[in-house]
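Novice: Quick one, final.csv (CSV, C-alpha atoms):
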```
chain,number,residue,atom,x,y,z
A,16,MET,CA,-51.4,57.4,32.8
A,17,LEU,CA,-55.0,58.5,33.3
A,18,ARG,CA,-56.2,55.8,31.0
A,19,ARG,CA,-55.7,53.5,33.9
A,20,ARG,CA,-59.1,53.4,35.7
A,21,PRO,CA,-57.8,53.0,39.4
A,22,LEU,CA,-55.3,55.8,38.8
A,23,ARG,CA,-58.0,58.0,37.2
A,24,LEU,CA,-60.5,57.5,40.0
A,25,LEU,CA,-57.9,58.2,42.7
A,26,PHE,CA,-56.8,61.3,40.8
A,27,LEU,CA,-60.4,62.6,40.6
A,28,ALA,CA,-61.0,61.9,44.3
A,29,ARG,CA,-57.8,63.7,45.3
A,30,GLY,CA,-58.6,66.7,43.0
A,31,THR,CA,-62.2,67.1,44.3
A,32,SER,CA,-61.2,67.1,48.0
A,33,VAL,CA,-58.1,69.3,47.5
A,34,LEU,CA,-60.1,72.0,45.7
A,35,GLY,CA,-62.4,72.3,48.7
A,36,ASP,CA,-59.5,72.4,51.0
A,37,MET,CA,-58.0,75.3,49.0
A,38,VAL,CA,-61.2,77.3,49.0
A,39,THR,CA,-61.9,77.1,52.7
A,40,PRO,CA,-58.6,78.4,54.3
A,41,VAL,CA,-59.2,81.9,52.8
A,42,ALA,CA,-62.8,81.9,54.1
A,43,LEU,CA,-61.8,80.6,57.5
A,44,VAL,CA,-58.9,83.0,58.1
A,45,PHE,CA,-61.0,86.0,57.3
A,46,ALA,CA,-63.9,84.7,59.3
A,47,VAL,CA,-61.6,84.5,62.3
A,48,LEU,CA,-60.5,88.1,61.6
A,49,ALA,CA,-64.1,89.2,61.4
A,50,LEU,CA,-64.7,87.6,64.8
A,51,GLY,CA,-61.9,89.8,66.1
A,52,GLY,CA,-59.4,87.0,66.6
A,53,GLY,CA,-56.5,88.8,64.9
A,54,ALA,CA,-53.2,87.1,64.3
A,55,SER,CA,-53.3,85.2,67.6
A,56,GLY,CA,-56.8,83.9,66.7
A,57,ILE,CA,-55.6,82.7,63.3
A,58,GLY,CA,-52.6,81.1,65.0
A,59,ILE,CA,-54.8,79.2,67.5
A,60,VAL,CA,-57.1,77.8,64.8
A,61,LEU,CA,-54.2,76.8,62.5
A,62,ALA,CA,-52.3,75.2,65.5
A,63,ALA,CA,-55.5,73.4,66.5
A,64,ARG,CA,-55.7,71.9,63.0
A,65,ALA,CA,-52.0,71.0,62.9
A,66,LEU,CA,-51.6,69.5,66.3
A,67,PRO,CA,-53.7,66.3,65.7
A,68,SER,CA,-52.0,65.9,62.4
A,69,VAL,CA,-48.7,65.6,64.3
A,70,ALA,CA,-50.0,63.8,67.3
A,71,LEU,CA,-51.8,61.0,65.4
A,72,VAL,CA,-49.9,60.7,62.1
A,73,LEU,CA,-47.6,57.9,63.4
A,74,ILE,CA,-50.6,55.9,64.4
A,75,GLY,CA,-52.1,56.8,61.0
A,76,GLY,CA,-49.1,55.4,59.3
A,77,VAL,CA,-49.4,52.1,61.1
A,78,ILE,CA,-53.1,51.9,60.3
A,79,GLY,CA,-52.2,52.6,56.6
A,80,ASP,CA,-49.9,49.6,56.5
A,81,ARG,CA,-52.1,47.3,58.7
A,82,TYR,CA,-55.4,47.7,57.0
A,83,PRO,CA,-56.7,48.1,53.4
A,84,ARG,CA,-55.7,51.6,52.4
A,85,ARG,CA,-58.9,52.1,50.5
A,86,SER,CA,-61.0,51.6,53.7
A,87,VAL,CA,-58.8,54.0,55.7
A,88,MET,CA,-59.1,56.7,53.0
A,89,VAL,CA,-62.9,56.3,52.7
A,90,TRP,CA,-63.5,56.6,56.5
A,91,SER,CA,-61.2,59.5,56.7
A,92,ASN,CA,-63.1,61.3,54.0
A,93,LEU,CA,-66.4,60.7,55.7
A,94,ALA,CA,-65.1,62.1,58.9
A,95,GLY,CA,-63.9,65.2,57.0
A,96,PHE,CA,-67.3,65.5,55.5
A,97,ALA,CA,-69.0,65.6,58.9
A,98,GLY,CA,-66.5,68.0,60.5
A,99,GLN,CA,-66.4,70.6,57.7
A,100,THR,CA,-70.1,70.6,57.2
A,101,LEU,CA,-70.7,71.1,60.9
A,102,THR,CA,-68.2,74.0,60.9
A,103,GLY,CA,-70.0,75.7,58.1
A,104,VAL,CA,-73.4,75.2,59.6
A,105,LEU,CA,-72.3,76.8,62.9
A,106,ILE,CA,-70.8,79.8,61.1
A,107,LEU,CA,-74.1,80.2,59.1
A,108,LEU,CA,-76.1,80.0,62.4
A,109,GLN,CA,-73.7,82.6,64.0
A,110,HIS,CA,-72.9,80.1,66.8
A,111,ALA,CA,-69.2,79.8,66.1
A,112,PRO,CA,-67.0,81.0,69.0
A,113,LEU,CA,-63.3,80.8,68.4
A,114,TRP,CA,-62.9,77.7,70.6
A,115,CYS,CA,-65.5,75.8,68.6
A,116,ILE,CA,-63.9,76.7,65.3
A,117,ALA,CA,-60.5,75.5,66.7
A,118,LEU,CA,-62.0,72.3,68.0
A,119,LEU,CA,-63.6,71.4,64.6
A,120,ALA,CA,-60.3,72.4,62.9
A,121,ALA,CA,-58.7,69.8,65.1
A,122,THR,CA,-61.0,67.1,63.8
A,123,ARG,CA,-60.1,68.0,60.3
A,124,GLY,CA,-56.4,67.7,61.2
A,125,ALA,CA,-57.1,64.3,62.8
A,126,THR,CA,-58.7,63.0,59.6
A,127,GLY,CA,-55.7,64.0,57.6
A,128,ALA,CA,-53.4,62.1,59.9
A,129,PHE,CA,-55.0,58.9,58.8
A,130,PHE,CA,-55.8,59.8,55.2
A,131,ASN,CA,-52.4,61.1,54.1
A,132,PRO,CA,-50.1,58.2,54.9
A,133,ALA,CA,-52.6,55.7,53.4
A,134,SER,CA,-52.9,58.0,50.3
A,135,THR,CA,-49.1,58.0,49.8
A,136,GLY,CA,-49.0,54.2,49.8
A,137,ALA,CA,-52.1,54.0,47.5
A,138,ILE,CA,-50.5,56.2,44.9
A,139,ALA,CA,-47.6,53.9,44.7
A,140,GLU,CA,-50.1,51.0,44.2
A,141,VAL,CA,-51.7,52.6,41.1
A,142,ALA,CA,-48.4,53.9,39.6
A,143,PRO,CA,-47.4,52.3,36.3
A,144,ALA,CA,-44.2,50.4,36.4
A,145,GLY,CA,-41.2,52.7,36.0
A,146,ASN,CA,-43.2,55.9,36.4
A,147,LEU,CA,-43.2,56.6,40.2
A,148,ARG,CA,-42.0,60.2,40.0
A,149,GLN,CA,-44.3,61.0,37.1
A,150,THR,CA,-47.3,59.5,39.0
A,151,TYR,CA,-46.5,61.5,42.2
A,152,SER,CA,-46.0,64.6,40.0
A,153,LEU,CA,-49.4,64.0,38.4
A,154,PHE,CA,-51.0,64.0,41.9
A,155,SER,CA,-49.1,67.1,42.8
A,156,LEU,CA,-50.4,68.7,39.6
A,157,VAL,CA,-54.0,68.4,40.7
A,158,GLY,CA,-53.1,69.8,44.1
A,159,ASN,CA,-51.3,72.8,42.6
A,160,ALA,CA,-54.2,73.4,40.2
A,161,ALA,CA,-56.5,73.5,43.1
A,162,GLU,CA,-54.1,76.0,44.8
A,163,VAL,CA,-54.6,78.3,41.8
A,164,ALA,CA,-58.3,77.9,41.5
A,165,GLY,CA,-59.3,77.6,45.2
A,166,PRO,CA,-58.2,81.0,46.5
A,167,VAL,CA,-59.4,82.8,43.4
A,168,LEU,CA,-62.8,81.1,43.7
A,169,ALA,CA,-62.9,81.8,47.4
A,170,ALA,CA,-62.2,85.5,46.9
A,171,ALA,CA,-65.0,85.7,44.2
A,172,LEU,CA,-67.5,83.8,46.3
A,173,LEU,CA,-66.8,85.7,49.5
A,174,ALA,CA,-68.1,88.8,47.8
A,175,TRP,CA,-71.5,87.2,47.5
A,176,VAL,CA,-71.9,84.4,50.1
A,177,ASP,CA,-71.1,83.8,53.8
A,178,PRO,CA,-67.9,81.9,54.6
A,179,GLY,CA,-70.1,79.2,56.2
A,180,TRP,CA,-71.4,78.1,52.7
A,181,LEU,CA,-67.8,77.6,51.5
A,182,LEU,CA,-67.2,75.2,54.4
A,183,VAL,CA,-70.4,73.3,53.7
A,184,ALA,CA,-69.3,73.0,50.1
A,185,ASP,CA,-65.9,71.7,51.3
A,186,GLY,CA,-67.7,69.1,53.3
A,187,ALA,CA,-69.5,67.9,50.1
A,188,THR,CA,-66.2,67.5,48.3
A,189,PHE,CA,-65.1,65.0,51.0
A,190,LEU,CA,-68.3,63.0,50.5
A,191,ILE,CA,-67.7,62.9,46.7
A,192,SER,CA,-64.0,61.9,47.3
A,193,ALA,CA,-65.1,59.0,49.6
A,194,LEU,CA,-67.4,57.7,46.8
A,195,LEU,CA,-64.7,57.8,44.2
A,196,VAL,CA,-62.1,56.1,46.4
A,197,ALA,CA,-64.6,53.4,47.2
A,198,ALA,CA,-65.0,52.7,43.5
A,199,VAL,CA,-61.2,52.5,42.8
A,200,GLY,CA,-60.7,48.9,43.9
A,201,PRO,CA,-58.0,47.4,46.2
A,202,LEU,CA,-55.2,49.9,47.0
A,203,GLY,CA,-52.9,47.6,49.0
A,204,HIS,CA,-53.5,45.0,51.6
A,205,PRO,CA,-51.6,44.3,54.8
A,206,ALA,CA,-48.9,41.6,54.5
A,207,ALA,CA,-49.7,38.3,56.0
A,208,GLY,CA,-47.9,37.1,59.1
A,209,ALA,CA,-47.5,37.9,62.8
A,210,ARG,CA,-48.5,41.4,63.7
A,211,ARG,CA,-46.3,43.4,66.1
A,212,SER,CA,-47.6,45.9,68.6
A,213,MET,CA,-48.4,49.5,67.5
A,214,ALA,CA,-45.2,50.7,69.1
A,215,GLY,CA,-43.2,47.9,67.4
A,216,ASP,CA,-44.6,49.0,64.0
A,217,ILE,CA,-43.8,52.6,64.7
A,218,ARG,CA,-40.2,51.7,65.7
A,219,GLU,CA,-39.8,49.7,62.5
A,220,GLY,CA,-40.7,52.8,60.5
A,221,LEU,CA,-38.4,55.0,62.5
A,222,ARG,CA,-35.5,52.5,62.0
A,223,CYS,CA,-36.1,52.6,58.3
A,224,VAL,CA,-35.8,56.4,58.3
A,225,THR,CA,-32.7,56.6,60.5
A,226,GLU,CA,-30.9,54.0,58.3
A,227,ARG,CA,-31.1,56.5,55.5
A,228,ARG,CA,-29.1,59.7,56.2
A,229,TRP,CA,-30.6,61.6,53.3
A,230,LEU,CA,-34.1,61.0,54.6
A,231,THR,CA,-33.1,62.1,58.2
A,232,ALA,CA,-31.6,65.3,56.8
A,233,LEU,CA,-34.7,65.9,54.7
A,234,ILE,CA,-37.1,65.6,57.7
A,235,ALA,CA,-34.9,67.8,59.9
A,236,SER,CA,-34.8,70.5,57.1
A,237,ALA,CA,-38.6,70.3,56.6
A,238,ALA,CA,-39.2,70.7,60.4
A,239,VAL,CA,-37.3,74.0,60.4
A,240,PHE,CA,-39.0,75.1,57.2
A,241,GLN,CA,-42.5,74.5,58.5
A,242,LEU,CA,-41.7,76.1,61.9
A,243,CYS,CA,-40.4,79.3,60.4
A,244,LEU,CA,-41.6,79.9,56.9
A,245,LEU,CA,-45.0,78.3,56.8
A,246,SER,CA,-46.0,79.6,60.3
A,247,ALA,CA,-44.9,83.2,59.4
A,248,LEU,CA,-46.5,83.1,55.9
A,249,ASN,CA,-49.9,81.6,57.0
A,250,VAL,CA,-50.3,83.7,60.1
A,251,LEU,CA,-48.6,87.0,59.4
A,252,GLY,CA,-49.3,87.0,55.6
A,253,PRO,CA,-53.0,87.6,56.0
A,254,VAL,CA,-52.4,90.2,58.6
A,255,VAL,CA,-50.1,92.2,56.4
A,256,ALA,CA,-52.5,91.8,53.5
A,257,ASN,CA,-55.4,93.0,55.7
A,258,ASP,CA,-53.5,96.0,57.1
A,259,HIS,CA,-51.5,97.1,54.0
A,260,LEU,CA,-52.4,95.4,50.8
A,261,GLY,CA,-56.2,95.5,50.4
A,262,GLY,CA,-57.5,92.5,52.3
A,263,ALA,CA,-58.8,89.1,51.2
A,264,SER,CA,-58.5,89.8,47.5
A,265,ALA,CA,-54.9,90.7,47.7
A,266,TRP,CA,-54.0,87.6,49.8
A,267,ALA,CA,-56.0,85.4,47.5
A,268,LEU,CA,-53.9,86.7,44.6
A,269,ILE,CA,-50.7,86.0,46.4
A,270,VAL,CA,-51.8,82.5,47.4
A,271,GLY,CA,-53.1,81.9,43.9
A,272,ALA,CA,-49.7,82.8,42.5
A,273,LEU,CA,-48.1,80.2,44.8
A,274,GLY,CA,-50.4,77.6,43.3
A,275,ALA,CA,-49.8,78.8,39.7
A,276,GLY,CA,-46.0,78.4,40.3
A,277,GLY,CA,-46.7,75.0,41.8
A,278,LEU,CA,-48.7,74.0,38.7
A,279,CYS,CA,-45.9,75.0,36.4
A,280,GLY,CA,-43.2,73.4,38.6
A,281,THR,CA,-45.2,70.1,38.7
A,282,ALA,CA,-45.7,70.1,34.9
A,283,LEU,CA,-42.0,70.7,34.6
A,284,SER,CA,-41.2,67.8,37.0
A,285,LEU,CA,-43.2,65.4,34.8
A,286,LYS,CA,-40.7,66.0,32.0
A,287,LEU,CA,-37.4,66.4,33.9
A,288,ARG,CA,-34.8,63.7,34.0
A,289,LEU,CA,-32.6,64.4,37.0
A,290,ARG,CA,-29.4,62.6,37.7
A,291,ARG,CA,-29.2,64.0,41.2
A,292,PRO,CA,-32.9,64.7,42.1
A,293,LEU,CA,-32.5,65.8,45.8
A,294,LEU,CA,-29.5,68.0,45.0
A,295,THR,CA,-31.5,69.7,42.3
A,296,GLY,CA,-34.5,70.0,44.6
A,297,TYR,CA,-32.6,71.7,47.4
A,298,VAL,CA,-30.9,74.1,45.0
A,299,ALA,CA,-34.3,75.0,43.7
A,300,MET,CA,-35.7,75.5,47.2
A,301,LEU,CA,-33.1,78.2,47.9
A,302,ALA,CA,-35.3,80.4,45.5
A,303,GLY,CA,-38.5,79.5,47.5
A,304,ALA,CA,-37.4,79.6,51.1
A,305,GLY,CA,-37.5,83.1,52.2
A,306,PRO,CA,-37.8,85.9,49.6
A,307,THR,CA,-41.6,86.3,50.1
A,308,LEU,CA,-41.2,86.8,53.9
A,309,LEU,CA,-38.6,89.5,53.3
A,310,LEU,CA,-40.9,91.2,50.8
A,311,LEU,CA,-43.8,91.0,53.2
A,312,ALA,CA,-41.6,92.7,55.9
A,313,LEU,CA,-41.3,95.8,53.7
A,314,PRO,CA,-44.2,95.3,52.6
A,315,ALA,CA,-43.7,95.1,48.8
A,316,PRO,CA,-46.5,95.7,46.3
A,317,VAL,CA,-48.9,92.9,45.7
A,318,TYR,CA,-47.6,92.1,42.2
A,319,VAL,CA,-44.1,91.7,43.5
A,320,LEU,CA,-45.2,89.4,46.3
A,321,ALA,CA,-47.2,87.4,43.7
A,322,VAL,CA,-44.1,86.9,41.5
A,323,SER,CA,-42.1,85.8,44.5
A,324,GLU,CA,-44.7,83.3,45.5
A,325,PHE,CA,-44.9,82.0,41.9
A,326,VAL,CA,-41.2,81.3,42.0
A,327,SER,CA,-41.6,79.7,45.4
A,328,GLY,CA,-44.4,77.5,44.1
A,329,MET,CA,-42.3,76.2,41.2
A,330,ALA,CA,-39.4,75.4,43.6
A,331,ILE,CA,-41.6,73.6,46.1
A,332,ALA,CA,-43.4,71.6,43.5
A,333,VAL,CA,-40.1,70.3,42.0
A,334,PHE,CA,-38.8,69.4,45.4
A,335,THR,CA,-42.0,67.7,46.4
A,336,ALA,CA,-42.0,65.5,43.3
A,337,VAL,CA,-38.4,64.4,43.8
A,338,GLU,CA,-38.9,63.8,47.5
A,339,SER,CA,-42.0,61.7,47.1
A,340,ALA,CA,-40.4,59.6,44.3
A,341,ALA,CA,-37.2,59.1,46.3
A,342,ILE,CA,-39.1,57.8,49.3
A,343,ALA,CA,-41.3,55.5,47.1
A,344,LYS,CA,-38.2,54.2,45.3
A,345,GLU,CA,-35.9,53.6,48.3
A,346,VAL,CA,-38.5,52.4,50.9
A,347,PRO,CA,-40.0,48.9,50.9
A,348,ARG,CA,-43.7,49.0,49.9
A,349,ASP,CA,-45.0,47.4,53.1
A,350,LEU,CA,-43.3,50.2,55.1
A,351,LEU,CA,-44.3,53.1,52.9
A,352,SER,CA,-47.2,54.4,55.0
A,353,ARG,CA,-45.2,54.3,58.2
A,354,VAL,CA,-42.2,56.0,56.7
A,355,ASP,CA,-44.5,58.6,55.2
A,356,ALA,CA,-46.0,59.1,58.6
A,357,VAL,CA,-42.6,59.5,60.2
A,358,ASN,CA,-41.8,62.0,57.5
A,359,ARG,CA,-45.0,64.0,58.2
A,360,PHE,CA,-44.5,63.7,62.0
A,361,GLY,CA,-40.9,65.0,61.8
A,362,SER,CA,-41.7,67.7,59.2
A,363,MET,CA,-44.8,69.0,61.0
A,364,GLY,CA,-43.8,68.4,64.6
A,365,LEU,CA,-42.8,72.0,65.3
A,366,ARG,CA,-45.5,73.6,63.1
A,367,PRO,CA,-48.2,73.8,65.8
A,368,VAL,CA,-45.7,75.5,68.0
A,369,GLY,CA,-44.8,78.0,65.3
A,370,THR,CA,-48.4,78.8,64.4
A,371,ALA,CA,-49.4,79.3,68.1
A,372,LEU,CA,-46.4,81.5,69.0
A,373,ILE,CA,-45.8,83.5,65.8
A,374,GLY,CA,-48.6,85.9,66.6
A,375,PRO,CA,-47.5,86.8,70.2
A,376,VAL,CA,-43.8,87.0,69.0
A,377,ALA,CA,-44.9,89.4,66.2
A,378,ALA,CA,-46.8,91.4,68.8
A,379,ALA,CA,-43.7,91.7,71.0
A,380,CYS,CA,-41.0,92.2,68.4
A,381,GLY,CA,-43.0,93.7,65.5
A,382,VAL,CA,-44.2,92.0,62.3
A,383,PRO,CA,-41.3,93.1,60.1
A,384,LEU,CA,-38.6,91.8,62.4
A,385,THR,CA,-40.4,88.5,62.9
A,386,LEU,CA,-40.7,88.0,59.1
A,387,VAL,CA,-37.0,88.7,58.5
A,388,CYS,CA,-35.8,86.3,61.2
A,389,ALA,CA,-38.2,83.6,59.9
A,390,ALA,CA,-36.8,84.2,56.3
A,391,VAL,CA,-33.2,83.8,57.4
A,392,LEU,CA,-33.8,80.6,59.3
A,393,SER,CA,-35.8,79.1,56.4
A,394,LEU,CA,-32.9,79.8,54.0
A,395,LEU,CA,-30.5,78.1,56.4
A,396,ALA,CA,-32.8,75.0,56.5
A,397,MET,CA,-32.3,74.6,52.8
A,398,VAL,CA,-28.5,75.1,52.8
A,399,VAL,CA,-27.6,72.6,55.6
A,400,PRO,CA,-28.9,69.4,53.8
A,401,LEU,CA,-26.6,70.2,50.9
A,402,LEU,CA,-23.7,69.4,53.3
A,403,VAL,CA,-24.9,65.8,53.6
A,404,LYS,CA,-23.1,63.5,51.1
A,405,ASP,CA,-26.1,61.1,50.6
A,406,VAL,CA,-28.3,64.1,49.7
A,407,ARG,CA,-25.9,65.1,46.9
A,408,ARG,CA,-25.3,61.6,45.6
A,409,LEU,CA,-28.8,60.0,45.6
A,410,THR,CA,-29.7,59.0,42.0
A,411,GLU,CA,-33.1,58.6,40.5
```
Now, as a test, write the supplied structure out as structure tokens.

Specialist:
Amino acid sequence: MLRRRPLRLLFLARGTSVLGDMVTPVALVFAVLALGGGASGIGIVLAARALPSVALVLIGGVIGDRYPRRSVMVWSNLAGFAGQTLTGVLILLQHAPLWCIALLAATRGATGAFFNPASTGAIAEVAPAGNLRQTYSLFSLVGNAAEVAGPVLAAALLAWVDPGWLLVADGATFLISALLVAAVGPLGHPAAGARRSMAGDIREGLRCVTERRWLTALIASAAVFQLCLLSALNVLGPVVANDHLGGASAWALIVGALGAGGLCGTALSLKLRLRRPLLTGYVAMLAGAGPTLLLLALPAPVYVLAVSEFVSGMAIAVFTAVESAAIAKEVPRDLLSRVDAVNRFGSMGLRPVGTALIGPVAAACGVPLTLVCAAVLSLLAMVVPLLVKDVRRLTE
């Protein structure tokens, strides 16, 4: 598939920017801890990044269907370049109060709200005929490879350089990505004809989702998953690592194991032929939707947590591949960015709430109890969709 020039350039663009995005979270989280922000400070910064992603993603989906997707992606990358570079410079100059880091994280979230729906539609445009799932798996592969390399690279670099330099480097990856996307060529143009209002376009995307019960169940499940598991893992995980497991290097190993599992899971999904893809995906997710949180509550040794995250990464990668392919197959191409935006909006809608509240909840109830409750709710979120007939019966 990489012999196709548009696909290859888009693949390289995605890989470049994702690698930078996987390096900086480790640096940013421990920079906040060094500033004395603690779990609540991490939660505020992560919530600030997630909130614009949720608030603007429906508009981003409409933009991705209304305007040339290549232009939307290029401008989003340029905005990401400016925001990440400025964040790094402020940290290097030691003029980075917590509110400023949170504000710049919010600008990064806003750029993703426009880039991601357009990117989902663009991938479908460059996919070879009959190879939708394989194409989405290929793009997941580069993301998972970056998840492996990024945290390890961050841990190594943080021993030698200030976190600000990592953010400046991340800014450069967005600039490179913008240049590569600009060289791809057309990535889908808006359909000719009368244009509805912004609200009308959003309603059309919502209607497309609600007409498909399997997709409605998928979004509701993902909302609970992100509220409980991702909030607890991203906020409390570094705190447990910092207090009990040895700090940044331990957390980088655990996050790297998640990426390694994702890499293996995505490679596996390139070869799988699944008669019931969503059914298989949800069964796999039962292995990735809670064990790590339970182990963090103990806390278990680092190597046990790394193995758990490796299994979780495999499960999430397989599920992500079948989810993306199912949406691309079942949704009309001219609605794809809007439906992707509705999916992201519904899936991430509660995540800012979770990231902002998980720190105070843990302070009141204790970190172990908070992690156990989040694990139980995450497992339930994977079980309930299996009760929906359309989820079990959807074919590839």

Novice: Taking (-36.5, 67.6, 54.2) in the coordinates of the supplied file, I want to know which residues reach to within 9 Å of it, counting only C-alpha atoms; could you give the answer as number ranges by chain?

Specialist: A: 229-240, 297, 338, 358, 362, 396-397, 400

Novice: Between atom CA of Ser134 of chain A and atom CA of Ala371 of chain A, measure the distance and give it in Å to one decimal.

Specialist: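 Computed distance, atom CA of Ser134 of chain A to atom CA of Ala371 of chain A, equals 28.0 Å.
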
Novice: Which one of A:Leu242, A:Leu311, A:Leu113, A:Ser323 sits closest to Ser55 of chain A if you count only C-alpha atoms?

Specialist: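 Checking each of A:Leu242, A:Leu311, A:Leu113, A:Ser323 against Ser55 of chain A, counting only C-alpha atoms, the winner is A:Leu113.
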
Novice: Give me the residues of segment 197-296 of chain A that have any atom at most 6 Å from an atom of segment 140-155 of chain A; for each, the nearest atom pair and the distance in Å, rounded to one decimal. Use only C-alpha atoms, sort by chain and number, and format it as CSV.

Specialist:
```
residue,atom,partner,partner_atom,distance
A:Leu202,CA,A:Glu140,CA,5.9
A:Thr281,CA,A:Ser152,CA,5.7
A:Leu285,CA,A:Gln149,CA,5.1
```

Novice: Find the residues of segment 192-287 of chain A that sit at most 12 Å from segment 63-68 of chain A; for each, write down the nearest two atoms and how far apart they are in Å, to one decimal. Count all atoms listed in the file. Sort by chain, then by number going up, and give it as a tab-separated table.

Specialist:
```
residue	atom	partner	partner_atom	distance
A:Gln241	CA	A:Ala65	CA	11.0
A:Leu242	CA	A:Ala65	CA	11.5
A:Leu245	CA	A:Ala65	CA	11.8
A:Ser246	CA	A:Ala65	CA	10.8
```

Novice: Could you state the separation of atom CA of Leu22 of chain A and atom CA of Ser192 of chain A in Å, given to one decimal place?

Specialist: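 Separation between atom CA of Leu22 of chain A and atom CA of Ser192 of chain A: 13.6 Å.
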
Novice: As a tab-separated table (two decimals), in the frame of the given file, could you write out segment 184-198 of chain A once it has been completed with N, CA, C and O atoms?

Specialist:
```tsv
chain	number	residue	atom	x	y	z
A	184	ALA	N	-69.70	73.52	51.41
A	184	ALA	CA	-69.30	73.00	50.10
A	184	ALA	C	-68.07	72.12	50.20
A	184	ALA	O	-67.96	71.08	49.54
A	185	ASP	N	-67.11	72.52	51.07
A	185	ASP	CA	-65.90	71.70	51.30
A	185	ASP	C	-66.31	70.34	51.85
A	185	ASP	O	-65.75	69.30	51.46
A	186	GLY	N	-67.26	70.33	52.77
A	186	GLY	CA	-67.70	69.10	53.30
A	186	GLY	C	-68.26	68.15	52.20
A	186	GLY	O	-68.00	66.94	52.19
A	187	ALA	N	-68.99	68.73	51.24
A	187	ALA	CA	-69.50	67.90	50.10
A	187	ALA	C	-68.40	67.32	49.29
A	187	ALA	O	-68.53	66.19	48.79
A	188	THR	N	-67.29	68.03	49.13
A	188	THR	CA	-66.20	67.50	48.30
A	188	THR	C	-65.60	66.23	49.00
A	188	THR	O	-65.15	65.31	48.31
A	189	PHE	N	-65.60	66.19	50.33
A	189	PHE	CA	-65.10	65.00	51.00
A	189	PHE	C	-66.03	63.81	50.78
A	189	PHE	O	-65.56	62.66	50.64
A	190	LEU	N	-67.32	64.06	50.73
A	190	LEU	CA	-68.30	63.00	50.50
A	190	LEU	C	-68.06	62.43	49.05
A	190	LEU	O	-68.04	61.21	48.84
A	191	ILE	N	-67.91	63.32	48.09
A	191	ILE	CA	-67.70	62.90	46.70
A	191	ILE	C	-66.36	62.10	46.62
A	191	ILE	O	-66.29	61.05	45.96
A	192	SER	N	-65.33	62.58	47.29
A	192	SER	CA	-64.00	61.90	47.30
A	192	SER	C	-64.17	60.48	47.87
A	192	SER	O	-63.59	59.51	47.35
A	193	ALA	N	-64.94	60.33	48.96
A	193	ALA	CA	-65.10	59.00	49.60
A	193	ALA	C	-65.79	58.04	48.58
A	193	ALA	O	-65.39	56.87	48.47
A	194	LEU	N	-66.77	58.51	47.83
A	194	LEU	CA	-67.40	57.70	46.80
A	194	LEU	C	-66.50	57.24	45.72
A	194	LEU	O	-66.51	56.09	45.28
A	195	LEU	N	-65.66	58.17	45.27
A	195	LEU	CA	-64.70	57.80	44.20
A	195	LEU	C	-63.65	56.86	44.67
A	195	LEU	O	-63.31	55.91	43.95
A	196	VAL	N	-63.12	57.06	45.88
A	196	VAL	CA	-62.10	56.10	46.40
A	196	VAL	C	-62.73	54.74	46.57
A	196	VAL	O	-62.08	53.72	46.27
A	197	ALA	N	-63.96	54.67	47.03
A	197	ALA	CA	-64.60	53.40	47.20
A	197	ALA	C	-64.74	52.62	45.88
A	197	ALA	O	-64.74	51.38	45.86
A	198	ALA	N	-64.81	53.36	44.77
A	198	ALA	CA	-65.00	52.70	43.50
A	198	ALA	C	-63.63	52.33	42.83
A	198	ALA	O	-63.61	51.68	41.79
```
